[in-house]
$ cat my_file-v9.cif   # mmCIF, C-alpha atoms
data_data
loop_
_atom_site.group_PDB
_atom_site.id
_atom_site.type_symbol
_atom_site.label_atom_id
_atom_site.label_comp_id
_atom_site.auth_asym_id
_atom_site.auth_seq_id
_atom_site.Cartn_x
_atom_site.Cartn_y
_atom_site.Cartn_z
ATOM 1 C CA MET Q 1 -115.045 -153.841 -168.678
ATOM 2 C CA ILE Q 2 -116.910 -154.411 -171.918
ATOM 3 C CA PRO Q 3 -115.756 -153.487 -175.451
ATOM 4 C CA ASN Q 4 -117.369 -150.037 -175.451
ATOM 5 C CA GLY Q 5 -116.754 -149.054 -171.835
ATOM 6 C CA LEU Q 6 -117.871 -150.064 -168.374
ATOM 7 C CA LEU Q 7 -120.951 -151.989 -167.356
ATOM 8 C CA ILE Q 8 -122.320 -150.784 -164.027
ATOM 9 C CA THR Q 9 -124.054 -153.716 -162.394
ATOM 10 C CA ASN Q 10 -124.999 -151.973 -159.160
ATOM 11 C CA LYS Q 11 -128.340 -150.324 -159.923
ATOM 12 C CA SER Q 12 -127.996 -148.022 -156.899
ATOM 13 C CA ILE Q 13 -125.017 -146.110 -158.312
ATOM 14 C CA ILE Q 14 -126.847 -144.346 -161.132
ATOM 15 C CA PRO Q 15 -130.572 -143.638 -160.839
ATOM 16 C CA ASP Q 16 -132.682 -145.405 -163.418
ATOM 17 C CA PHE Q 17 -134.877 -142.801 -165.067
ATOM 18 C CA TYR Q 18 -137.997 -144.319 -166.574
ATOM 19 C CA SER Q 19 -139.832 -142.018 -168.901
ATOM 20 C CA ASN Q 20 -143.313 -142.379 -170.312
ATOM 21 C CA ASP Q 21 -141.654 -143.740 -173.446
ATOM 22 C CA SER Q 22 -142.593 -147.418 -173.820
ATOM 23 C CA LEU Q 23 -139.358 -148.166 -175.717
ATOM 24 C CA THR Q 24 -137.260 -146.874 -172.816
ATOM 25 C CA LYS Q 25 -139.316 -148.886 -170.326
ATOM 26 C CA THR Q 26 -138.907 -152.036 -172.423
ATOM 27 C CA TYR Q 27 -135.159 -151.499 -172.769
ATOM 28 C CA HIS Q 28 -134.708 -150.885 -169.034
ATOM 29 C CA THR Q 29 -136.737 -153.982 -168.204
ATOM 30 C CA ILE Q 30 -134.529 -156.105 -170.489
ATOM 31 C CA TYR Q 31 -131.392 -154.399 -169.109
ATOM 32 C CA ASN Q 32 -132.370 -155.068 -165.485
ATOM 33 C CA TRP Q 33 -133.352 -158.676 -166.261
ATOM 34 C CA CYS Q 34 -129.914 -159.209 -167.787
ATOM 35 C CA LEU Q 35 -128.162 -157.773 -164.724
ATOM 36 C CA ASP Q 36 -130.250 -159.958 -162.406
ATOM 37 C CA ASN Q 37 -129.254 -163.046 -164.428
ATOM 38 C CA GLY Q 38 -125.539 -162.282 -164.819
ATOM 39 C CA ILE Q 39 -125.781 -161.421 -168.521
ATOM 40 C CA ILE Q 40 -124.217 -158.408 -170.217
ATOM 41 C CA PRO Q 41 -127.226 -156.324 -171.349
ATOM 42 C CA PRO Q 42 -127.759 -155.414 -174.993
ATOM 43 C CA GLU Q 43 -126.542 -152.164 -176.450
ATOM 44 C CA ARG Q 44 -129.401 -149.886 -177.363
ATOM 45 C CA ASN Q 45 -127.803 -148.495 -180.554
ATOM 46 C CA ASP Q 46 -130.564 -146.031 -181.369
ATOM 47 C CA THR Q 47 -130.451 -143.925 -184.477
ATOM 48 C CA ILE Q 48 -130.285 -140.311 -183.306
ATOM 49 C CA ILE Q 49 -131.988 -137.770 -185.558
ATOM 50 C CA THR Q 50 -131.852 -134.006 -185.112
ATOM 51 C CA ASN Q 51 -135.076 -132.522 -186.421
ATOM 52 C CA ALA Q 52 -135.394 -129.196 -188.251
ATOM 53 C CA ASP Q 53 -136.794 -127.559 -185.109
ATOM 54 C CA GLY Q 54 -133.739 -128.640 -183.091
ATOM 55 C CA THR Q 55 -135.420 -131.451 -181.185
ATOM 56 C CA ILE Q 56 -133.733 -134.821 -181.046
ATOM 57 C CA THR Q 57 -135.509 -138.063 -181.871
ATOM 58 C CA ARG Q 58 -134.276 -141.565 -181.048
ATOM 59 C CA ARG Q 59 -135.298 -144.484 -183.242
ATOM 60 C CA ASN Q 60 -134.651 -148.182 -182.870
ATOM 61 C CA SER Q 61 -136.680 -150.477 -185.123
ATOM 62 C CA LEU Q 62 -135.688 -153.645 -183.227
ATOM 63 C CA LEU Q 63 -136.719 -152.209 -179.876
ATOM 64 C CA MET Q 64 -139.933 -150.833 -181.403
ATOM 65 C CA ASN Q 65 -140.883 -154.279 -182.735
ATOM 66 C CA ILE Q 66 -139.934 -156.036 -179.488
ATOM 67 C CA THR Q 67 -142.046 -153.551 -177.514
ATOM 68 C CA SER Q 68 -145.037 -154.046 -179.824
ATOM 69 C CA ARG Q 69 -144.862 -157.841 -179.390
ATOM 70 C CA LEU Q 70 -144.317 -158.007 -175.625
ATOM 71 C CA ASP Q 71 -146.339 -156.585 -172.782
ATOM 72 C CA GLY Q 72 -144.111 -154.642 -170.376
ATOM 73 C CA GLY Q 73 -145.050 -156.752 -167.361
ATOM 74 C CA ASN Q 74 -144.458 -160.040 -169.142
ATOM 75 C CA ILE Q 75 -141.023 -159.322 -170.602
ATOM 76 C CA CYS Q 76 -139.084 -160.757 -167.649
ATOM 77 C CA SER Q 77 -141.103 -163.976 -167.467
ATOM 78 C CA TRP Q 78 -140.924 -164.318 -171.260
ATOM 79 C CA LEU Q 79 -137.130 -163.903 -171.230
ATOM 80 C CA THR Q 80 -136.828 -166.425 -168.398
ATOM 81 C CA ASP Q 81 -138.976 -168.961 -170.276
ATOM 82 C CA LYS Q 82 -137.374 -168.509 -173.710
ATOM 83 C CA ILE Q 83 -133.702 -168.067 -172.845
ATOM 84 C CA ILE Q 84 -132.891 -171.398 -171.260
ATOM 85 C CA LYS Q 85 -129.145 -171.421 -171.877
ATOM 86 C CA LYS Q 86 -128.125 -167.996 -170.660
ATOM 87 C CA PRO Q 87 -125.545 -166.390 -172.943
ATOM 88 C CA GLU Q 88 -122.687 -164.246 -171.665
ATOM 89 C CA LYS Q 89 -124.061 -161.297 -173.627
ATOM 90 C CA LEU Q 90 -127.536 -160.614 -174.985
ATOM 91 C CA SER Q 91 -128.456 -158.485 -177.992
ATOM 92 C CA LEU Q 92 -131.709 -156.931 -179.130
ATOM 93 C CA GLY Q 93 -131.193 -158.797 -182.406
ATOM 94 C CA TYR Q 94 -131.177 -162.126 -180.551
ATOM 95 C CA ILE Q 95 -134.407 -161.233 -178.738
ATOM 96 C CA ALA Q 96 -135.960 -160.182 -182.067
ATOM 97 C CA THR Q 97 -134.892 -163.506 -183.608
ATOM 98 C CA ILE Q 98 -136.593 -165.455 -180.812
ATOM 99 C CA LEU Q 99 -139.741 -163.387 -181.452
ATOM 100 C CA ASN Q 100 -139.471 -164.108 -185.210
ATOM 101 C CA ILE Q 101 -139.049 -160.404 -185.958
ATOM 102 C CA HIS Q 102 -137.190 -159.779 -189.173
ATOM 103 C CA ILE Q 103 -135.892 -156.280 -189.807
ATOM 104 C CA SER Q 104 -134.382 -155.904 -193.238
ATOM 105 C CA ASN Q 105 -131.148 -153.934 -193.426
ATOM 106 C CA GLU Q 106 -131.244 -153.988 -197.194
ATOM 107 C CA THR Q 107 -131.496 -150.684 -198.999
ATOM 108 C CA THR Q 108 -132.853 -150.143 -202.466
ATOM 109 C CA ASP Q 109 -131.168 -147.778 -204.867
ATOM 110 C CA TYR Q 110 -133.447 -145.832 -207.144
ATOM 111 C CA ASP Q 111 -132.442 -143.963 -210.291
ATOM 112 C CA ILE Q 112 -134.176 -140.601 -210.260
ATOM 113 C CA THR Q 113 -134.086 -138.258 -213.178
ATOM 114 C CA LEU Q 114 -134.976 -134.631 -212.513
#

$ encode --input "my_file-v9.cif" --output "structure tokens"
Amino acid sequence: MIPNGLLITNKSIIPDFYSNDSLTKTYHTIYNWCLDNGIIPPERNDTIITNADGTITRRNSLLMNITSRLDGGNICSWLTDKIIKKPEKLSLGYIATILNIHISNETTDYDITL
């Protein structure tokens, strides 16, 4: 049990669908590395947007920046080299911090007069 539900650690129970989406591939690589090392994988926490045409878009700025900095094949070796003291749980924010990625959560309010 984890705070938001169950963590399935047996990869054979649910098929792992890799799409052509590089963000999904990166996330699944991190997720599987965590399972192999006894770490609770990070939550994806994408922002889900429903477009005007009814299509759904997923966005995750942390995952996008992590993917742009790491080559898919090197993610596992990079995680193994950088994360020496393995935490109980890993977050995308922690990985971004190690990569020196700073995503600002600050918003700016603008006064608009129409």

$ atom_distance --input "my_file-v9.cif" --atom1 "CA of His28 (chain Q)" --atom2 "CA of Trp78 (chain Q)"
15.0 Å

$ residues_around --input "my_file-v9.cif" --residues "Ile95 (chain Q)" --least-positions-apart "5" --cutoff "10 Å" --atoms "only C-alpha atoms" --output "list of chain:residue names"
Q:Ile30, Q:Pro42, Q:Leu62, Q:Leu63, Q:Ile66, Q:Leu79, Q:Lys82, Q:Ile83, Q:Leu90, Q:Asn100, Q:Ile101

$ closest_residue --input "my_file-v9.cif" --among "Q:Leu99, Q:Thr67, Q:Lys86, Q:Gly93" --to "Lys25 (chain Q)" --atoms "only C-alpha atoms"
Q:Thr67

$ closest_residue --input "my_file-v9.cif" --among "Q:Ile56, Q:Leu23, Q:Ile8, Q:Ile75" --to "Gly38 (chain Q)" --atoms "all atoms listed in the file"
Q:Ile8

$ closest_residue --input "my_file-v9.cif" --among "Q:Asp36, Q:Asp46, Q:Asp53, Q:Asp81" --to "Thr24 (chain Q)" --atoms "all atoms listed in the file"
Q:Asp46

$ atom_distance --input "my_file-v9.cif" --atom1 "CA of Thr80 (chain Q)" --atom2 "CA of Ser61 (chain Q)"
23.1 Å

$ atom_distance --input "my_file-v9.cif" --atom1 "CA of Ala96 (chain Q)" --atom2 "CA of Ile48 (chain Q)"
20.7 Å

$ resolve_selection --input "my_file-v9.cif" --expression "the PyMOL selection byres ((chain Q and resi 43) around 8)" --output "list in words"
Pro41, Pro42, Arg44, Asn45, Ser91 and Leu92 of chain Q

$ axis_aligned_box --input "my_file-v9.cif" --around "region 22-34 of chain Q" --padding-each-side "3 Å" --output "lines of an AutoDock Vina configuration file"
center_x = -136.3
center_y = -153.0
center_z = -170.6
size_x = 18.7
size_y = 18.3
size_z = 16.2

$ closest_residue --input "my_file-v9.cif" --among "Q:Gly5, Q:Ile84, Q:Leu70, Q:Tyr94" --to "Ser22 (chain Q)" --atoms "all atoms listed in the file"
Q:Leu70

$ residues_around --input "my_file-v9.cif" --residues "Pro3 (chain Q)" --least-positions-apart "4" --cutoff "12 Å" --atoms "all atoms listed in the file" --output "list in words"
Leu7, Ile40, Glu43 and Lys89 of chain Q

$ closest_residue --input "my_file-v9.cif" --among "Q:Asn65, Q:Thr29, Q:Thr9, Q:Thr55" --to "Thr97 (chain Q)" --atoms "only C-alpha atoms"
Q:Asn65

$ decode --input "my_file-v9.cif" --residues "region 86-102 of chain Q" --atoms "all heavy atoms" --output "PDB file, in the first residue's frame"
ATOM      1  N   LYS Q  86      19.940   5.019  -1.723  1.00  0.00           N
ATOM      2  CA  LYS Q  86      18.623   4.814  -2.317  1.00  0.00           C
ATOM      3  C   LYS Q  86      17.521   5.189  -1.333  1.00  0.00           C
ATOM      4  O   LYS Q  86      17.426   4.630  -0.252  1.00  0.00           O
ATOM      5  CB  LYS Q  86      18.472   3.375  -2.773  1.00  0.00           C
ATOM      6  CG  LYS Q  86      19.419   3.044  -3.918  1.00  0.00           C
ATOM      7  CD  LYS Q  86      19.133   1.713  -4.514  1.00  0.00           C
ATOM      8  CE  LYS Q  86      19.913   1.458  -5.765  1.00  0.00           C
ATOM      9  NZ  LYS Q  86      21.301   1.484  -5.704  1.00  0.00           N
ATOM     10  N   PRO Q  87      16.678   6.145  -1.718  1.00  0.00           N
ATOM     11  CA  PRO Q  87      15.572   6.535  -0.842  1.00  0.00           C
ATOM     12  C   PRO Q  87      14.461   5.500  -0.883  1.00  0.00           C
ATOM     13  O   PRO Q  87      14.435   4.630  -1.750  1.00  0.00           O
ATOM     14  CB  PRO Q  87      15.100   7.862  -1.455  1.00  0.00           C
ATOM     15  CG  PRO Q  87      15.435   7.727  -2.909  1.00  0.00           C
ATOM     16  CD  PRO Q  87      16.694   6.910  -2.960  1.00  0.00           C
ATOM     17  N   GLU Q  88      13.545   5.592   0.076  1.00  0.00           N
ATOM     18  CA  GLU Q  88      12.394   4.687   0.095  1.00  0.00           C
ATOM     19  C   GLU Q  88      11.459   5.008  -1.067  1.00  0.00           C
ATOM     20  O   GLU Q  88      10.857   4.132  -1.661  1.00  0.00           O
ATOM     21  CB  GLU Q  88      11.643   4.836   1.415  1.00  0.00           C
ATOM     22  CG  GLU Q  88      10.451   3.910   1.550  1.00  0.00           C
ATOM     23  CD  GLU Q  88       9.758   4.086   2.885  1.00  0.00           C
ATOM     24  OE1 GLU Q  88      10.446   4.140   3.919  1.00  0.00           O
ATOM     25  OE2 GLU Q  88       8.521   4.160   2.869  1.00  0.00           O
ATOM     26  N   LYS Q  89      11.362   6.297  -1.382  1.00  0.00           N
ATOM     27  CA  LYS Q  89      10.475   6.757  -2.446  1.00  0.00           C
ATOM     28  C   LYS Q  89      11.228   7.794  -3.267  1.00  0.00           C
ATOM     29  O   LYS Q  89      11.993   8.582  -2.740  1.00  0.00           O
ATOM     30  CB  LYS Q  89       9.208   7.366  -1.845  1.00  0.00           C
ATOM     31  CG  LYS Q  89       8.204   7.811  -2.860  1.00  0.00           C
ATOM     32  CD  LYS Q  89       6.932   8.320  -2.200  1.00  0.00           C
ATOM     33  CE  LYS Q  89       5.949   8.736  -3.272  1.00  0.00           C
ATOM     34  NZ  LYS Q  89       4.701   9.212  -2.710  1.00  0.00           N
ATOM     35  N   LEU Q  90      10.994   7.774  -4.584  1.00  0.00           N
ATOM     36  CA  LEU Q  90      11.662   8.695  -5.483  1.00  0.00           C
ATOM     37  C   LEU Q  90      10.619   9.581  -6.146  1.00  0.00           C
ATOM     38  O   LEU Q  90       9.513   9.137  -6.424  1.00  0.00           O
ATOM     39  CB  LEU Q  90      12.424   7.899  -6.550  1.00  0.00           C
ATOM     40  CG  LEU Q  90      13.399   8.648  -7.428  1.00  0.00           C
ATOM     41  CD1 LEU Q  90      14.537   9.225  -6.595  1.00  0.00           C
ATOM     42  CD2 LEU Q  90      13.979   7.712  -8.477  1.00  0.00           C
ATOM     43  N   SER Q  91      10.962  10.835  -6.377  1.00  0.00           N
ATOM     44  CA  SER Q  91      10.027  11.741  -7.056  1.00  0.00           C
ATOM     45  C   SER Q  91      10.700  12.316  -8.297  1.00  0.00           C
ATOM     46  O   SER Q  91      11.924  12.367  -8.393  1.00  0.00           O
ATOM     47  CB  SER Q  91       9.597  12.872  -6.125  1.00  0.00           C
ATOM     48  OG  SER Q  91      10.678  13.752  -5.901  1.00  0.00           O
ATOM     49  N   LEU Q  92       9.865  12.740  -9.243  1.00  0.00           N
ATOM     50  CA  LEU Q  92      10.405  13.391 -10.436  1.00  0.00           C
ATOM     51  C   LEU Q  92      11.100  14.693 -10.056  1.00  0.00           C
ATOM     52  O   LEU Q  92      12.088  15.082 -10.668  1.00  0.00           O
ATOM     53  CB  LEU Q  92       9.288  13.655 -11.451  1.00  0.00           C
ATOM     54  CG  LEU Q  92       8.669  12.417 -12.098  1.00  0.00           C
ATOM     55  CD1 LEU Q  92       7.515  12.828 -13.008  1.00  0.00           C
ATOM     56  CD2 LEU Q  92       9.702  11.613 -12.863  1.00  0.00           C
ATOM     57  N   GLY Q  93      10.595  15.353  -9.011  1.00  0.00           N
ATOM     58  CA  GLY Q  93      11.220  16.585  -8.535  1.00  0.00           C
ATOM     59  C   GLY Q  93      12.637  16.350  -8.041  1.00  0.00           C
ATOM     60  O   GLY Q  93      13.532  17.162  -8.273  1.00  0.00           O
ATOM     61  N   TYR Q  94      12.860  15.226  -7.357  1.00  0.00           N
ATOM     62  CA  TYR Q  94      14.191  14.877  -6.865  1.00  0.00           C
ATOM     63  C   TYR Q  94      15.142  14.631  -8.032  1.00  0.00           C
ATOM     64  O   TYR Q  94      16.273  15.113  -8.039  1.00  0.00           O
ATOM     65  CB  TYR Q  94      14.109  13.644  -5.967  1.00  0.00           C
ATOM     66  CG  TYR Q  94      15.441  13.193  -5.417  1.00  0.00           C
ATOM     67  CD1 TYR Q  94      16.066  13.917  -4.413  1.00  0.00           C
ATOM     68  CD2 TYR Q  94      16.059  12.059  -5.903  1.00  0.00           C
ATOM     69  CE1 TYR Q  94      17.296  13.506  -3.906  1.00  0.00           C
ATOM     70  CE2 TYR Q  94      17.280  11.633  -5.407  1.00  0.00           C
ATOM     71  CZ  TYR Q  94      17.892  12.363  -4.408  1.00  0.00           C
ATOM     72  OH  TYR Q  94      19.108  11.965  -3.914  1.00  0.00           O
ATOM     73  N   ILE Q  95      14.667  13.905  -9.044  1.00  0.00           N
ATOM     74  CA  ILE Q  95      15.488  13.646 -10.231  1.00  0.00           C
ATOM     75  C   ILE Q  95      15.814  14.967 -10.927  1.00  0.00           C
ATOM     76  O   ILE Q  95      16.948  15.196 -11.344  1.00  0.00           O
ATOM     77  CB  ILE Q  95      14.778  12.670 -11.185  1.00  0.00           C
ATOM     78  CG1 ILE Q  95      14.638  11.295 -10.519  1.00  0.00           C
ATOM     79  CG2 ILE Q  95      15.538  12.545 -12.507  1.00  0.00           C
ATOM     80  CD1 ILE Q  95      13.771  10.324 -11.282  1.00  0.00           C
ATOM     81  N   ALA Q  96      14.826  15.851 -11.038  1.00  0.00           N
ATOM     82  CA  ALA Q  96      15.047  17.161 -11.662  1.00  0.00           C
ATOM     83  C   ALA Q  96      16.070  17.969 -10.872  1.00  0.00           C
ATOM     84  O   ALA Q  96      16.921  18.653 -11.463  1.00  0.00           O
ATOM     85  CB  ALA Q  96      13.731  17.920 -11.771  1.00  0.00           C
ATOM     86  N   THR Q  97      16.028  17.884  -9.546  1.00  0.00           N
ATOM     87  CA  THR Q  97      16.983  18.602  -8.706  1.00  0.00           C
ATOM     88  C   THR Q  97      18.401  18.105  -8.960  1.00  0.00           C
ATOM     89  O   THR Q  97      19.337  18.899  -9.063  1.00  0.00           O
ATOM     90  CB  THR Q  97      16.622  18.432  -7.212  1.00  0.00           C
ATOM     91  OG1 THR Q  97      15.309  18.941  -7.004  1.00  0.00           O
ATOM     92  CG2 THR Q  97      17.602  19.163  -6.317  1.00  0.00           C
ATOM     93  N   ILE Q  98      18.573  16.796  -9.068  1.00  0.00           N
ATOM     94  CA  ILE Q  98      19.896  16.230  -9.338  1.00  0.00           C
ATOM     95  C   ILE Q  98      20.412  16.702 -10.704  1.00  0.00           C
ATOM     96  O   ILE Q  98      21.595  16.923 -10.887  1.00  0.00           O
ATOM     97  CB  ILE Q  98      19.847  14.687  -9.285  1.00  0.00           C
ATOM     98  CG1 ILE Q  98      19.566  14.221  -7.854  1.00  0.00           C
ATOM     99  CG2 ILE Q  98      21.151  14.076  -9.767  1.00  0.00           C
ATOM    100  CD1 ILE Q  98      19.328  12.746  -7.731  1.00  0.00           C
ATOM    101  N   LEU Q  99      19.488  16.889 -11.649  1.00  0.00           N
ATOM    102  CA  LEU Q  99      19.858  17.353 -12.989  1.00  0.00           C
ATOM    103  C   LEU Q  99      19.981  18.872 -13.069  1.00  0.00           C
ATOM    104  O   LEU Q  99      20.208  19.416 -14.143  1.00  0.00           O
ATOM    105  CB  LEU Q  99      18.821  16.890 -14.010  1.00  0.00           C
ATOM    106  CG  LEU Q  99      18.860  15.428 -14.418  1.00  0.00           C
ATOM    107  CD1 LEU Q  99      17.609  15.056 -15.186  1.00  0.00           C
ATOM    108  CD2 LEU Q  99      20.097  15.145 -15.239  1.00  0.00           C
ATOM    109  N   ASN Q 100      19.787  19.556 -11.937  1.00  0.00           N
ATOM    110  CA  ASN Q 100      19.807  21.024 -11.877  1.00  0.00           C
ATOM    111  C   ASN Q 100      18.731  21.648 -12.762  1.00  0.00           C
ATOM    112  O   ASN Q 100      18.954  22.670 -13.401  1.00  0.00           O
ATOM    113  CB  ASN Q 100      21.183  21.579 -12.246  1.00  0.00           C
ATOM    114  CG  ASN Q 100      22.232  21.210 -11.241  1.00  0.00           C
ATOM    115  OD1 ASN Q 100      21.969  21.191 -10.039  1.00  0.00           O
ATOM    116  ND2 ASN Q 100      23.412  20.893 -11.716  1.00  0.00           N
ATOM    117  N   ILE Q 101      17.574  21.013 -12.806  1.00  0.00           N
ATOM    118  CA  ILE Q 101      16.431  21.550 -13.545  1.00  0.00           C
ATOM    119  C   ILE Q 101      15.577  22.305 -12.549  1.00  0.00           C
ATOM    120  O   ILE Q 101      15.191  21.774 -11.516  1.00  0.00           O
ATOM    121  CB  ILE Q 101      15.595  20.419 -14.184  1.00  0.00           C
ATOM    122  CG1 ILE Q 101      16.422  19.662 -15.214  1.00  0.00           C
ATOM    123  CG2 ILE Q 101      14.327  20.977 -14.816  1.00  0.00           C
ATOM    124  CD1 ILE Q 101      15.760  18.411 -15.730  1.00  0.00           C
ATOM    125  N   HIS Q 102      15.307  23.551 -12.859  1.00  0.00           N
ATOM    126  CA  HIS Q 102      14.463  24.353 -11.978  1.00  0.00           C
ATOM    127  C   HIS Q 102      13.208  24.737 -12.737  1.00  0.00           C
ATOM    128  O   HIS Q 102      13.277  25.407 -13.758  1.00  0.00           O
ATOM    129  CB  HIS Q 102      15.184  25.617 -11.505  1.00  0.00           C
ATOM    130  CG  HIS Q 102      14.319  26.509 -10.678  1.00  0.00           C
ATOM    131  ND1 HIS Q 102      13.899  26.159  -9.414  1.00  0.00           N
ATOM    132  CD2 HIS Q 102      13.767  27.709 -10.934  1.00  0.00           C
ATOM    133  CE1 HIS Q 102      13.135  27.136  -8.934  1.00  0.00           C
ATOM    134  NE2 HIS Q 102      13.038  28.082  -9.851  1.00  0.00           N
TER     135      HIS Q 102
END
